[in-house]
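Have a look at data.txt below; it lists compact mmCIF, C-alpha atoms.
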```
# COMPACT_ATOMS: atom_id res chain seq x y z
CA MET T 16 -16.38 66.25 55.51
CA PRO T 17 -19.56 64.94 53.85
CA ALA T 18 -20.40 61.26 53.97
CA MET T 19 -23.47 59.13 54.43
CA GLU T 20 -24.08 58.07 58.03
CA VAL T 21 -26.26 55.25 59.28
CA ALA T 22 -26.99 54.25 62.86
CA PRO T 23 -25.60 50.77 63.70
CA ALA T 24 -27.11 48.10 65.92
CA ALA T 25 -25.54 47.31 69.29
CA GLN T 26 -24.29 43.85 70.27
CA THR T 27 -22.69 42.39 73.37
CA GLN T 28 -19.23 41.00 74.12
CA PRO T 29 -17.42 39.99 77.36
CA MET T 30 -14.76 42.29 78.82
CA THR T 31 -11.01 41.68 78.73
CA ALA T 32 -8.13 43.10 80.77
CA LEU T 33 -6.47 46.34 79.70
CA GLU T 34 -3.13 45.79 77.95
CA PRO T 35 -0.02 47.99 77.97
CA ALA T 36 0.58 50.52 75.22
CA ILE T 37 2.12 49.42 71.93
CA GLU T 38 2.76 51.00 68.56
CA VAL T 39 0.93 49.03 65.90
CA SER T 40 2.65 48.05 62.68
CA ALA T 41 1.07 49.20 59.45
CA SER T 42 2.24 46.15 57.52
CA GLY T 43 -1.16 44.48 57.55
CA PRO T 44 -2.22 41.08 58.88
CA SER T 45 0.09 38.11 58.49
CA LYS T 46 -1.19 35.11 56.56
CA ASP T 47 -0.68 33.18 59.82
CA THR T 48 -2.92 35.54 61.85
CA PRO T 49 -6.21 33.80 62.73
CA GLN T 50 -9.15 35.80 61.42
CA LYS T 51 -12.32 36.40 63.41
CA THR T 52 -15.64 36.76 61.65
CA ASP T 53 -17.47 38.43 64.55
CA PHE T 54 -16.22 41.79 65.83
CA SER T 55 -19.09 42.47 68.25
CA GLY T 56 -16.60 43.43 70.98
CA VAL T 57 -15.25 46.28 68.84
CA ALA T 58 -16.37 49.92 68.78
CA LEU T 59 -15.30 52.34 66.07
CA PHE T 60 -15.83 55.81 67.55
CA GLY T 61 -15.36 59.10 65.76
CA ASN T 62 -15.96 61.03 62.55
CA SER T 63 -17.25 60.26 59.05
CA HIS T 64 -14.29 58.04 58.19
CA ILE T 65 -16.15 55.34 60.12
CA ASP T 66 -19.00 55.53 57.61
CA GLY T 67 -17.19 53.16 55.26
CA PHE T 68 -16.96 50.40 57.86
CA HIS T 69 -20.73 50.51 58.22
CA ILE T 70 -21.51 50.80 54.50
CA TYR T 71 -19.20 47.95 53.48
CA ASN T 72 -19.67 45.87 56.67
CA SER T 73 -15.91 45.33 56.65
CA LEU T 74 -15.81 44.42 60.35
CA PRO T 75 -19.01 42.38 60.87
CA GLY T 76 -20.60 42.95 64.26
CA ALA T 77 -18.53 46.02 65.18
CA ASP T 78 -20.48 49.01 66.49
CA CYS T 79 -19.97 52.15 64.40
CA LEU T 80 -20.43 55.09 66.77
CA TYR T 81 -19.94 58.17 64.63
CA ARG T 82 -21.33 61.32 63.08
CA VAL T 83 -20.34 63.34 60.02
CA GLY T 84 -18.31 66.36 61.21
CA LEU T 85 -17.77 65.01 64.73
CA ASN T 86 -14.75 66.30 66.66
CA VAL T 87 -13.28 65.77 70.12
CA LYS T 88 -15.47 68.54 71.58
CA THR T 89 -18.81 67.74 69.96
CA ALA T 90 -18.57 64.03 70.84
CA TYR T 91 -20.01 65.05 74.22
CA GLU T 92 -23.14 66.64 72.77
CA LYS T 93 -23.86 65.40 69.25
CA PRO T 94 -25.94 62.21 68.78
CA MET T 95 -25.73 59.69 65.98
CA LEU T 96 -28.11 60.10 63.07
CA GLY T 97 -31.67 59.41 64.19
CA GLU T 98 -30.79 59.24 67.89
CA LYS T 99 -30.89 61.64 70.84
CA THR T 100 -28.13 60.25 73.08
CA PRO T 101 -24.74 62.01 72.78
CA ILE T 102 -22.30 59.66 71.09
CA ILE T 103 -19.99 59.53 74.11
CA ASP T 104 -22.89 58.15 76.17
CA LYS T 105 -23.21 55.17 73.82
CA LEU T 106 -20.18 53.84 75.68
CA LEU T 107 -22.39 53.40 78.75
CA GLU T 108 -24.65 50.90 77.01
CA LYS T 109 -22.27 47.94 76.77
CA GLN T 110 -18.66 47.00 77.47
CA TYR T 111 -16.20 46.53 74.63
CA THR T 112 -12.92 44.66 74.30
CA HIS T 113 -11.40 47.10 71.75
CA ILE T 114 -12.18 50.74 70.97
CA PHE T 115 -10.66 52.45 67.93
CA LEU T 116 -10.84 56.25 68.02
CA THR T 117 -10.92 58.23 64.77
CA PHE T 118 -10.58 61.98 65.27
CA GLY T 119 -8.48 64.79 63.81
CA GLU T 120 -9.72 65.34 60.28
CA ASN T 121 -12.31 67.89 61.41
CA GLU T 122 -9.82 69.57 63.75
CA LEU T 123 -7.17 70.36 61.13
CA GLY T 124 -8.51 73.88 60.83
CA TRP T 125 -8.17 74.64 64.53
CA GLN T 126 -5.77 77.49 65.18
CA TYR T 127 -3.90 75.72 67.97
CA PRO T 128 -3.15 71.99 67.51
CA GLU T 129 -2.19 71.84 71.20
CA ILE T 130 -5.84 72.51 72.13
CA PHE T 131 -6.92 69.60 69.93
CA ILE T 132 -4.48 67.31 71.73
CA GLU T 133 -5.57 68.51 75.18
CA ASP T 134 -9.24 67.99 74.31
CA TYR T 135 -8.46 64.57 72.80
CA LYS T 136 -6.71 63.60 76.04
CA LYS T 137 -9.80 64.56 78.04
CA LEU T 138 -11.99 62.53 75.68
CA ILE T 139 -9.77 59.48 76.06
CA GLN T 140 -9.93 59.80 79.83
CA THR T 141 -13.73 59.82 79.60
CA VAL T 142 -13.62 56.71 77.39
CA GLN T 143 -11.33 55.00 79.91
CA GLU T 144 -13.71 55.81 82.76
CA ARG T 145 -16.63 54.29 80.88
CA GLN T 146 -14.73 51.37 79.39
CA PRO T 147 -12.11 50.40 82.01
CA ASN T 148 -11.45 46.96 80.50
CA ALA T 149 -11.25 47.94 76.83
CA LYS T 150 -8.04 48.23 74.88
CA ILE T 151 -8.05 51.74 73.39
CA TYR T 152 -6.39 52.77 70.14
CA ILE T 153 -5.82 56.21 68.66
CA GLN T 154 -5.85 55.87 64.89
CA SER T 155 -3.71 58.14 62.77
CA ILE T 156 -5.43 60.71 60.57
CA LEU T 157 -5.56 59.40 57.02
CA PRO T 158 -3.82 61.35 54.26
CA VAL T 159 -5.90 63.02 51.56
CA SER T 160 -5.30 62.96 47.83
CA ALA T 161 -2.72 65.27 46.30
CA GLU T 162 -5.53 67.33 44.75
CA VAL T 163 -7.39 67.80 48.06
CA SER T 164 -4.12 68.60 49.80
CA LYS T 165 -3.37 71.29 47.23
CA LEU T 166 -6.82 72.85 47.67
CA ASN T 167 -6.10 73.06 51.43
CA GLU T 168 -9.66 73.74 52.54
CA ASP T 169 -9.77 74.26 56.34
CA ASN T 170 -6.05 73.46 56.51
CA THR T 171 -6.69 69.98 55.12
CA ASN T 172 -3.30 69.18 53.65
CA ASN T 173 -0.94 66.26 54.08
CA GLU T 174 1.84 68.26 55.68
CA ARG T 175 -0.49 69.34 58.47
CA ILE T 176 -1.91 65.81 58.76
CA ARG T 177 1.60 64.43 59.27
CA ALA T 178 2.28 67.05 61.95
CA TYR T 179 -0.96 66.17 63.72
CA ASN T 180 -0.11 62.46 63.55
CA GLU T 181 3.21 63.13 65.27
CA LEU T 182 1.26 64.81 68.07
CA LEU T 183 -1.14 61.86 68.24
CA HIS T 184 1.75 59.41 68.42
CA ALA T 185 3.25 61.35 71.31
CA LEU T 186 -0.14 61.39 73.05
CA THR T 187 -0.39 57.60 72.90
CA GLU T 188 3.04 57.30 74.50
CA GLU T 189 2.06 59.74 77.24
CA MET T 190 -1.21 57.92 77.97
CA GLN T 191 0.20 54.42 77.45
CA ILE T 192 -2.36 53.41 74.87
CA SER T 193 -1.96 52.02 71.36
CA TYR T 194 -1.37 53.91 68.11
CA LEU T 195 -2.69 52.39 64.88
CA ASP T 196 -0.78 53.87 61.94
CA ALA T 197 -3.37 53.38 59.22
CA ALA T 198 -2.04 56.41 57.35
CA THR T 199 1.23 54.70 56.42
CA ALA T 200 -0.60 51.61 55.18
CA LEU T 201 -2.96 53.57 52.91
CA GLN T 202 -0.69 56.29 51.50
CA ASP T 203 1.32 56.21 48.28
CA ALA T 204 5.06 56.78 47.93
CA ALA T 205 4.55 60.55 48.03
CA GLY T 206 2.53 60.40 51.25
CA ASN T 207 -0.83 61.07 49.59
CA LEU T 208 -4.02 59.03 49.51
CA PRO T 209 -3.89 57.40 46.07
CA ASP T 210 -6.18 58.92 43.45
CA ASN T 211 -8.09 55.64 43.07
CA ALA T 212 -8.61 55.20 46.82
CA ALA T 213 -11.49 57.63 47.32
CA THR T 214 -13.91 59.38 44.98
CA ASP T 215 -13.73 62.55 47.09
CA GLY T 216 -10.02 62.26 47.83
CA ILE T 217 -10.77 61.92 51.56
CA HIS T 218 -12.98 58.95 52.51
CA PRO T 219 -11.60 55.58 51.33
CA GLY T 220 -13.79 53.51 49.04
CA GLN T 221 -14.36 49.80 49.46
CA VAL T 222 -10.89 48.55 48.46
CA TYR T 223 -8.98 50.90 50.73
CA ASN T 224 -11.52 50.59 53.53
CA LYS T 225 -10.81 46.86 53.42
CA LYS T 226 -7.09 47.56 53.79
CA TRP T 227 -7.86 49.64 56.87
CA ALA T 228 -10.27 47.02 58.24
CA ASP T 229 -7.58 44.36 57.89
CA LEU T 230 -5.26 46.41 60.12
CA ILE T 231 -7.95 46.63 62.79
CA ALA T 232 -8.81 42.96 62.44
CA GLN T 233 -5.17 42.06 62.99
CA GLN T 234 -5.21 43.76 66.38
CA VAL T 235 -8.46 42.12 67.44
CA THR T 236 -7.53 38.62 66.25
CA GLU T 237 -3.97 38.43 67.65
CA GLY T 238 -3.77 35.36 69.83
CA VAL T 239 -7.16 34.05 68.67
CA THR T 240 -7.29 30.30 68.04
CA GLU T 241 -10.62 29.84 66.35
```

Just give me the structure as structure tokens.
Amino acid sequence: MPAMEVAPAAQTQPMTALEPAIEVSASGPSKDTPQKTDFSGVALFGNSHIDGFHIYNSLPGADCLYRVGLNVKTAYEKPMLGEKTPIIDKLLEKQYTHIFLTFGENELGWQYPEIFIEDYKKLIQTVQERQPNAKIYIQSILPVSAEVSKLNEDNTNNERIRAYNELLHALTEEMQISYLDAATALQDAAGNLPDNAATDGIHPGQVYNKKWADLIAQQVTEGVTE
């Protein structure tokens, strides 16, 4: 899916202990949740949906490790724009406290969803090996607009996205990691990405990227007393 990509700068953050798996609410941050202003312990790793976090700087300090068109197989070989190191190897450069994985959109056209899940599991295991103290989240695949869903290019439709998200949810339970249900928070009553959320019907613009960023910030700032 086309989007502008820009290579982010790396920052450092101390490690924290791995926490047990949870399912994350999509209700958004409470008004009583302390809010951090520095997310330098956070890595956003995955496909072009991460582009918005970099463009809008919606999680200041977070490292955006991504490439347009990236999937769970090519993460081992494709570098970020302007770099030579495979994106997976960026996780060897520093230790993170939280890693949010964003994959699935580019795999909707795969013939066998089970292969996607198996490859995603292997990728998560690699992330765990390289980041043993990070809390890892699988993020749900975001819905697309009703128009994009109807076009159904490369099997990109909301029915298939919901089916994939059920598989992702089950994978988080199997691997005892966290599931961030951003899809529910950003969809309309019909289960579509609202028409005003994204100019291309796929990648959220600034307002809806902020909604997504708030969900991530809630997980990172829980228990913070700044």

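With only C-alpha atoms as the atoms that count, the minimum distance from Lys93 of chain T to the choices T:Gly61, T:Gly76, T:Gly119, T:Gly124 is reached by T:Gly61.
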
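Take the candidates T:Asp53, T:Glu133, T:Glu174, T:Asp104 and check each one against Arg145 of chain T using only C-alpha atoms; the shortest distance goes to T:Asp104.
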
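Atom CA of Leu195 of chain T is found 14.5 Å from atom CA of Val57 of chain T.
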
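Counting all atoms listed in the file and comparing T:Leu116, T:Ala200, T:Ile156, T:Ile130, the residue that lies closest to Tyr81 of chain T is T:Leu116.
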
task: Tell me which protein, DNA and RNA residues are within 10 Å of Leu138 of chain T, counting all atoms listed in the file, leaving out same-chain ones fewer than 6 positions away, and put them as number ranges by chain.
output: T: 87-88, 90-91, 103, 116, 132, 144

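With all atoms listed in the file as the basis for measurement, T:Ala161 is the residue among T:Ala77, T:Ala149, T:Met190, T:Ala161 that approaches Ala204 of chain T most closely.
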
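Proximity to Asn170 of chain T was assessed for T:Asn121, T:Gln146, T:Asn224, T:Ser155 counting all atoms listed in the file; the smallest distance is recorded for T:Asn121.
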
With segment 179-183 of chain T as the partner and 12 Å as the cut-off, tabulate the residues of segment 128-161 of chain T that qualify, each row holding the nearest pair of atoms and their distance in Å to one decimal, using only C-alpha atoms, sorted by chain and rising number, as JSON lines.
```
{"residue": "T:Pro128", "atom": "CA", "partner": "T:Tyr179", "partner_atom": "CA", "distance": 7.3}
{"residue": "T:Glu129", "atom": "CA", "partner": "T:Leu182", "partner_atom": "CA", "distance": 8.4}
{"residue": "T:Ile130", "atom": "CA", "partner": "T:Leu182", "partner_atom": "CA", "distance": 11.2}
{"residue": "T:Phe131", "atom": "CA", "partner": "T:Tyr179", "partner_atom": "CA", "distance": 9.3}
{"residue": "T:Ile132", "atom": "CA", "partner": "T:Leu182", "partner_atom": "CA", "distance": 7.3}
{"residue": "T:Glu133", "atom": "CA", "partner": "T:Leu182", "partner_atom": "CA", "distance": 10.5}
{"residue": "T:Asp134", "atom": "CA", "partner": "T:Leu183", "partner_atom": "CA", "distance": 11.8}
{"residue": "T:Tyr135", "atom": "CA", "partner": "T:Leu183", "partner_atom": "CA", "distance": 9.0}
{"residue": "T:Lys136", "atom": "CA", "partner": "T:Leu183", "partner_atom": "CA", "distance": 9.7}
{"residue": "T:Ile139", "atom": "CA", "partner": "T:Leu183", "partner_atom": "CA", "distance": 11.9}
{"residue": "T:Tyr152", "atom": "CA", "partner": "T:Leu183", "partner_atom": "CA", "distance": 10.7}
{"residue": "T:Ile153", "atom": "CA", "partner": "T:Leu183", "partner_atom": "CA", "distance": 7.3}
{"residue": "T:Gln154", "atom": "CA", "partner": "T:Leu183", "partner_atom": "CA", "distance": 8.3}
{"residue": "T:Ser155", "atom": "CA", "partner": "T:Asn180", "partner_atom": "CA", "distance": 5.7}
{"residue": "T:Ile156", "atom": "CA", "partner": "T:Asn180", "partner_atom": "CA", "distance": 6.3}
{"residue": "T:Leu157", "atom": "CA", "partner": "T:Asn180", "partner_atom": "CA", "distance": 9.0}
{"residue": "T:Pro158", "atom": "CA", "partner": "T:Asn180", "partner_atom": "CA", "distance": 10.1}
```

message: Neighbouring residues of Asn172 of chain T were defined as those with any atom within 12 Å, considering all atoms listed in the file; residues of the same chain fewer than 4 positions away were excluded. Please report them as a VMD selection string.
response: chain T and resid 120 to 121 123 to 124 156 to 168 176 to 179 206 to 208 216 to 217

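Proximity to Ser63 of chain T was assessed for T:Trp125, T:Tyr223, T:Phe118, T:Tyr111 counting all atoms listed in the file; the smallest distance is recorded for T:Phe118.
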
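Atom CA of Asp78 of chain T sits 13.7 Å away from atom CA of His64 of chain T.
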
Padding 3 Å on every side, please: axis-aligned box over the listed atoms of segment 86-105 of chain T, centre and edge lengths to one decimal in Å, as AutoDock Vina command-line options.
```
--center_x -22.5 --center_y 61.9 --center_z 69.6 --size_x 24.4 --size_y 19.4 --size_z 19.1
```

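Here atom CA of Leu59 of chain T and atom CA of Gln202 of chain T stand 21.0 Å from one another.
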
Rebuild segment 212-223 of chain T so that it carries all heavy atoms, then output the result as a PDB file, in the coordinates of the input.
```pdb
ATOM      1  N   ALA T 212      -8.196  55.704  45.510  1.00  0.00           N
ATOM      2  CA  ALA T 212      -8.610  55.200  46.820  1.00  0.00           C
ATOM      3  C   ALA T 212      -9.950  55.763  47.279  1.00  0.00           C
ATOM      4  O   ALA T 212     -10.668  55.114  48.040  1.00  0.00           O
ATOM      5  CB  ALA T 212      -7.544  55.533  47.870  1.00  0.00           C
ATOM      6  N   ALA T 213     -10.285  56.970  46.840  1.00  0.00           N
ATOM      7  CA  ALA T 213     -11.490  57.630  47.320  1.00  0.00           C
ATOM      8  C   ALA T 213     -12.030  58.570  46.251  1.00  0.00           C
ATOM      9  O   ALA T 213     -11.269  59.340  45.661  1.00  0.00           O
ATOM     10  CB  ALA T 213     -11.190  58.419  48.589  1.00  0.00           C
ATOM     11  N   THR T 214     -13.326  58.518  46.019  1.00  0.00           N
ATOM     12  CA  THR T 214     -13.910  59.380  44.980  1.00  0.00           C
ATOM     13  C   THR T 214     -13.829  60.856  45.359  1.00  0.00           C
ATOM     14  O   THR T 214     -13.735  61.711  44.476  1.00  0.00           O
ATOM     15  CB  THR T 214     -15.383  59.000  44.741  1.00  0.00           C
ATOM     16  OG1 THR T 214     -16.112  59.078  45.978  1.00  0.00           O
ATOM     17  CG2 THR T 214     -15.482  57.587  44.184  1.00  0.00           C
ATOM     18  N   ASP T 215     -13.835  61.157  46.657  1.00  0.00           N
ATOM     19  CA  ASP T 215     -13.730  62.550  47.090  1.00  0.00           C
ATOM     20  C   ASP T 215     -12.330  62.939  47.537  1.00  0.00           C
ATOM     21  O   ASP T 215     -12.090  64.051  47.978  1.00  0.00           O
ATOM     22  CB  ASP T 215     -14.735  62.851  48.216  1.00  0.00           C
ATOM     23  CG  ASP T 215     -14.473  62.044  49.486  1.00  0.00           C
ATOM     24  OD1 ASP T 215     -13.536  61.204  49.495  1.00  0.00           O
ATOM     25  OD2 ASP T 215     -15.198  62.252  50.477  1.00  0.00           O
ATOM     26  N   GLY T 216     -11.391  61.990  47.417  1.00  0.00           N
ATOM     27  CA  GLY T 216     -10.020  62.260  47.830  1.00  0.00           C
ATOM     28  C   GLY T 216      -9.813  62.261  49.326  1.00  0.00           C
ATOM     29  O   GLY T 216      -8.712  62.567  49.809  1.00  0.00           O
ATOM     30  N   ILE T 217     -10.839  61.861  50.092  1.00  0.00           N
ATOM     31  CA  ILE T 217     -10.770  61.920  51.560  1.00  0.00           C
ATOM     32  C   ILE T 217     -11.214  60.614  52.208  1.00  0.00           C
ATOM     33  O   ILE T 217     -10.488  60.050  53.027  1.00  0.00           O
ATOM     34  CB  ILE T 217     -11.659  63.074  52.084  1.00  0.00           C
ATOM     35  CG1 ILE T 217     -11.182  64.414  51.539  1.00  0.00           C
ATOM     36  CG2 ILE T 217     -11.658  63.092  53.626  1.00  0.00           C
ATOM     37  CD1 ILE T 217     -12.135  65.561  51.822  1.00  0.00           C
ATOM     38  N   HIS T 218     -12.405  60.132  51.858  1.00  0.00           N
ATOM     39  CA  HIS T 218     -12.980  58.950  52.510  1.00  0.00           C
ATOM     40  C   HIS T 218     -12.727  57.711  51.654  1.00  0.00           C
ATOM     41  O   HIS T 218     -13.258  57.625  50.537  1.00  0.00           O
ATOM     42  CB  HIS T 218     -14.478  59.130  52.735  1.00  0.00           C
ATOM     43  CG  HIS T 218     -14.827  60.330  53.564  1.00  0.00           C
ATOM     44  ND1 HIS T 218     -15.074  61.569  53.014  1.00  0.00           N
ATOM     45  CD2 HIS T 218     -14.939  60.469  54.907  1.00  0.00           C
ATOM     46  CE1 HIS T 218     -15.349  62.427  53.993  1.00  0.00           C
ATOM     47  NE2 HIS T 218     -15.267  61.787  55.151  1.00  0.00           N
ATOM     48  N   PRO T 219     -11.941  56.744  52.135  1.00  0.00           N
ATOM     49  CA  PRO T 219     -11.600  55.580  51.330  1.00  0.00           C
ATOM     50  C   PRO T 219     -12.823  54.812  50.846  1.00  0.00           C
ATOM     51  O   PRO T 219     -13.788  54.608  51.597  1.00  0.00           O
ATOM     52  CB  PRO T 219     -10.764  54.716  52.294  1.00  0.00           C
ATOM     53  CG  PRO T 219     -10.210  55.691  53.272  1.00  0.00           C
ATOM     54  CD  PRO T 219     -11.282  56.717  53.454  1.00  0.00           C
ATOM     55  N   GLY T 220     -12.764  54.378  49.580  1.00  0.00           N
ATOM     56  CA  GLY T 220     -13.790  53.510  49.040  1.00  0.00           C
ATOM     57  C   GLY T 220     -13.593  52.085  49.530  1.00  0.00           C
ATOM     58  O   GLY T 220     -12.776  51.820  50.412  1.00  0.00           O
ATOM     59  N   GLN T 221     -14.309  51.151  48.931  1.00  0.00           N
ATOM     60  CA  GLN T 221     -14.360  49.800  49.460  1.00  0.00           C
ATOM     61  C   GLN T 221     -12.996  49.115  49.532  1.00  0.00           C
ATOM     62  O   GLN T 221     -12.665  48.480  50.529  1.00  0.00           O
ATOM     63  CB  GLN T 221     -15.321  48.947  48.636  1.00  0.00           C
ATOM     64  CG  GLN T 221     -15.555  47.558  49.216  1.00  0.00           C
ATOM     65  CD  GLN T 221     -16.701  46.839  48.542  1.00  0.00           C
ATOM     66  OE1 GLN T 221     -17.216  47.284  47.514  1.00  0.00           O
ATOM     67  NE2 GLN T 221     -17.113  45.727  49.107  1.00  0.00           N
ATOM     68  N   VAL T 222     -12.186  49.247  48.493  1.00  0.00           N
ATOM     69  CA  VAL T 222     -10.890  48.550  48.460  1.00  0.00           C
ATOM     70  C   VAL T 222      -9.976  49.054  49.572  1.00  0.00           C
ATOM     71  O   VAL T 222      -9.383  48.257  50.322  1.00  0.00           O
ATOM     72  CB  VAL T 222     -10.216  48.726  47.088  1.00  0.00           C
ATOM     73  CG1 VAL T 222      -8.789  48.182  47.122  1.00  0.00           C
ATOM     74  CG2 VAL T 222     -11.030  48.021  46.012  1.00  0.00           C
ATOM     75  N   TYR T 223      -9.883  50.355  49.715  1.00  0.00           N
ATOM     76  CA  TYR T 223      -8.980  50.900  50.730  1.00  0.00           C
ATOM     77  C   TYR T 223      -9.583  50.834  52.128  1.00  0.00           C
ATOM     78  O   TYR T 223      -8.857  50.731  53.124  1.00  0.00           O
ATOM     79  CB  TYR T 223      -8.548  52.320  50.356  1.00  0.00           C
ATOM     80  CG  TYR T 223      -7.378  52.310  49.415  1.00  0.00           C
ATOM     81  CD1 TYR T 223      -7.568  52.011  48.064  1.00  0.00           C
ATOM     82  CD2 TYR T 223      -6.088  52.541  49.864  1.00  0.00           C
ATOM     83  CE1 TYR T 223      -6.498  51.956  47.190  1.00  0.00           C
ATOM     84  CE2 TYR T 223      -5.006  52.492  48.998  1.00  0.00           C
ATOM     85  CZ  TYR T 223      -5.214  52.203  47.666  1.00  0.00           C
ATOM     86  OH  TYR T 223      -4.142  52.146  46.810  1.00  0.00           O
TER      87      TYR T 223
END
```
